[in-house]
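*Asks:* Quick one: structure below, then a few questions.
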Amino acid sequence: MLALASPNAALTVGYLAIAGGLIVAGLWWIAALLLVIVILLMLTAAIPSYIGVCLRYDTTWYVMSERSMRLRSGIWVIQETTITFENVQNVSITQGPLERAFGIATLVVDTAGGGGEHAKGRGPGGHRGTIEGVTDAERLRRLILQRLNASRSAGLGEDAPTRGPLNPVWDDAHLGVLREIRDELQSSKYKVQSSK
């Protein structure tokens with residue numbers, strides 16, 4: 001069974017059948033003319049398709065940080081989705097026969113919230129992100145799940161504060177230096193005398 005992907009493919013098969021019949025009938029010059037038409041049809045379909053694939057590749061990107069991932073794609077209509085790891089419900093891998101033949105897969109990230117058409121990722125602002133054409137989808141899935149587990153362990157209920165510029169942890173050495181500074185300021189040589 002032959003599956004035809006476009007009207008151009010159907011015309012090409014039709015022209016080839018007619019050309020075969022003309023060659024059998026001895027009208028090879030008409031068959032050669034039809035062959036030129038078939039080649040032109042194939043080129044007119046292939047060149048825009050190639051340009052479209054290249055543009056889609058150039059305008060699609062994925063960025064992953066510690067807290068979220070951003071997916072962007074589109075040529076005429078740009079779709080950009082930011083998914084925080086706290087909202088991720090499921091990470092799955094889909095792979096069709098053509099993807100399997102080329103060794104790639106699609107990673108699907110489902111998030112919390114929404115219902116109906118939005119939950120299926122069909123509407124704008126849907127709660128699904130897809131990363132297409134991934135060569136090592138299982139490794140990327142594990143990385144997303146690690147970030148998901150790390151983000152769920154942070155926040156309220158954390159056992160010990162972490163060191164950092166916004167959350168310093170004072171130890172005895174720091175407190176000792178602060179006490180010395182306080183004592184020096186309280187001594188008489190650093191007291192500020194009020195003017196009368």
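Each chain in the structure tokens gets a letter, A, B and so on, in the order shown; residues start at 1 in every chain, and ligands are counted from 1 in the order they appear.
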Please report, as JSON, numbers by chain, each residue of segment 87-119 of chain A to which DSSP assigns strand (DSSP E) when run on this structure's backbone.
*Replies:* {"A": [88, 89, 90, 91, 92, 93, 94, 105, 106, 107, 108, 109, 110, 111]}
*Asks:* Using only C-alpha atoms, which protein or nucleic acid residues come within 12 Å of segment 69-77 of chain A? Drop anything in the same chain fewer than 6 positions from it, and give the result as a ChimeraX atom specification.
*Replies:* /A:51-63,83-88,107-109,111,124,128-132,140,143-144,147-148
*Asks:* For the selection just defined, write its residues with N, CA and C atoms to a file, as a compact mmCIF listing (two decimals), in the first residue's frame.
*Replies:*
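Dumped everything to selection.txt:
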```
# COMPACT_ATOMS: atom_id res chain seq x y z
N ILE A 51 13.50 24.64 2.99
CA ILE A 51 13.62 25.97 3.61
C ILE A 51 12.81 26.03 4.91
N GLY A 52 11.60 25.44 4.89
CA GLY A 52 10.77 25.43 6.09
C GLY A 52 11.41 24.65 7.23
N VAL A 53 12.02 23.51 6.92
CA VAL A 53 12.69 22.71 7.95
C VAL A 53 13.87 23.48 8.53
N CYS A 54 14.65 24.13 7.68
CA CYS A 54 15.80 24.91 8.16
C CYS A 54 15.35 26.08 9.04
N LEU A 55 14.31 26.78 8.62
CA LEU A 55 13.81 27.90 9.42
C LEU A 55 13.26 27.42 10.76
N ARG A 56 12.55 26.30 10.75
CA ARG A 56 12.02 25.77 12.01
C ARG A 56 13.15 25.38 12.95
N TYR A 57 14.19 24.78 12.42
CA TYR A 57 15.34 24.40 13.24
C TYR A 57 16.01 25.63 13.83
N ASP A 58 16.16 26.68 13.03
CA ASP A 58 16.83 27.90 13.50
C ASP A 58 15.99 28.69 14.51
N THR A 59 14.67 28.54 14.48
CA THR A 59 13.82 29.33 15.38
C THR A 59 13.30 28.53 16.57
N THR A 60 13.79 27.32 16.77
CA THR A 60 13.37 26.50 17.90
C THR A 60 14.53 26.37 18.86
N TRP A 61 14.28 26.68 20.14
CA TRP A 61 15.32 26.50 21.15
C TRP A 61 14.71 26.17 22.50
N TYR A 62 15.53 25.56 23.34
CA TYR A 62 15.13 25.12 24.67
C TYR A 62 16.21 25.55 25.64
N VAL A 63 15.79 26.16 26.77
CA VAL A 63 16.73 26.60 27.80
C VAL A 63 16.28 26.01 29.13
N ILE A 83 8.08 26.58 31.89
CA ILE A 83 7.57 25.55 32.79
C ILE A 83 8.46 25.52 34.02
N THR A 84 7.89 25.80 35.19
CA THR A 84 8.65 25.67 36.43
C THR A 84 8.59 24.22 36.88
N PHE A 85 9.68 23.75 37.47
CA PHE A 85 9.75 22.34 37.84
C PHE A 85 8.79 21.99 38.96
N GLU A 86 8.36 22.98 39.76
CA GLU A 86 7.39 22.70 40.83
C GLU A 86 6.05 22.24 40.27
N ASN A 87 5.73 22.63 39.02
CA ASN A 87 4.44 22.31 38.42
C ASN A 87 4.45 21.06 37.55
N VAL A 88 5.60 20.44 37.37
CA VAL A 88 5.69 19.28 36.48
C VAL A 88 4.99 18.09 37.11
N LEU A 107 10.24 14.50 23.77
CA LEU A 107 10.05 14.51 25.22
C LEU A 107 8.84 15.38 25.52
N VAL A 108 7.87 14.85 26.26
CA VAL A 108 6.64 15.56 26.58
C VAL A 108 6.61 15.82 28.08
N VAL A 109 6.47 17.11 28.47
CA VAL A 109 6.42 17.50 29.87
C VAL A 109 5.03 18.03 30.16
N THR A 111 2.25 19.54 32.87
CA THR A 111 2.29 20.32 34.11
C THR A 111 0.93 20.31 34.78
N PRO A 124 -3.85 27.83 23.33
CA PRO A 124 -2.75 28.69 23.73
C PRO A 124 -2.60 28.66 25.24
N ARG A 128 1.38 21.78 28.53
CA ARG A 128 2.22 20.72 28.01
C ARG A 128 3.35 21.37 27.22
N GLY A 129 4.54 20.87 27.46
CA GLY A 129 5.69 21.32 26.69
C GLY A 129 6.28 20.14 25.95
N THR A 130 6.63 20.34 24.70
CA THR A 130 7.24 19.27 23.92
C THR A 130 8.62 19.70 23.43
N ILE A 131 9.55 18.79 23.56
CA ILE A 131 10.90 19.01 23.06
C ILE A 131 11.10 17.95 21.99
N GLU A 132 11.14 18.39 20.73
CA GLU A 132 11.18 17.47 19.60
C GLU A 132 12.59 17.25 19.10
N LEU A 140 17.88 13.32 29.12
CA LEU A 140 17.20 14.60 29.37
C LEU A 140 16.03 14.41 30.32
N LEU A 143 17.42 14.19 33.78
CA LEU A 143 17.85 15.51 34.24
C LEU A 143 16.66 16.34 34.70
N ILE A 144 15.57 16.31 33.95
CA ILE A 144 14.36 17.05 34.35
C ILE A 144 13.81 16.50 35.66
N ARG A 147 15.93 17.75 38.54
CA ARG A 147 15.62 19.15 38.86
C ARG A 147 14.27 19.24 39.56
N LEU A 148 13.33 18.39 39.15
CA LEU A 148 12.01 18.34 39.78
C LEU A 148 12.14 17.94 41.25
```
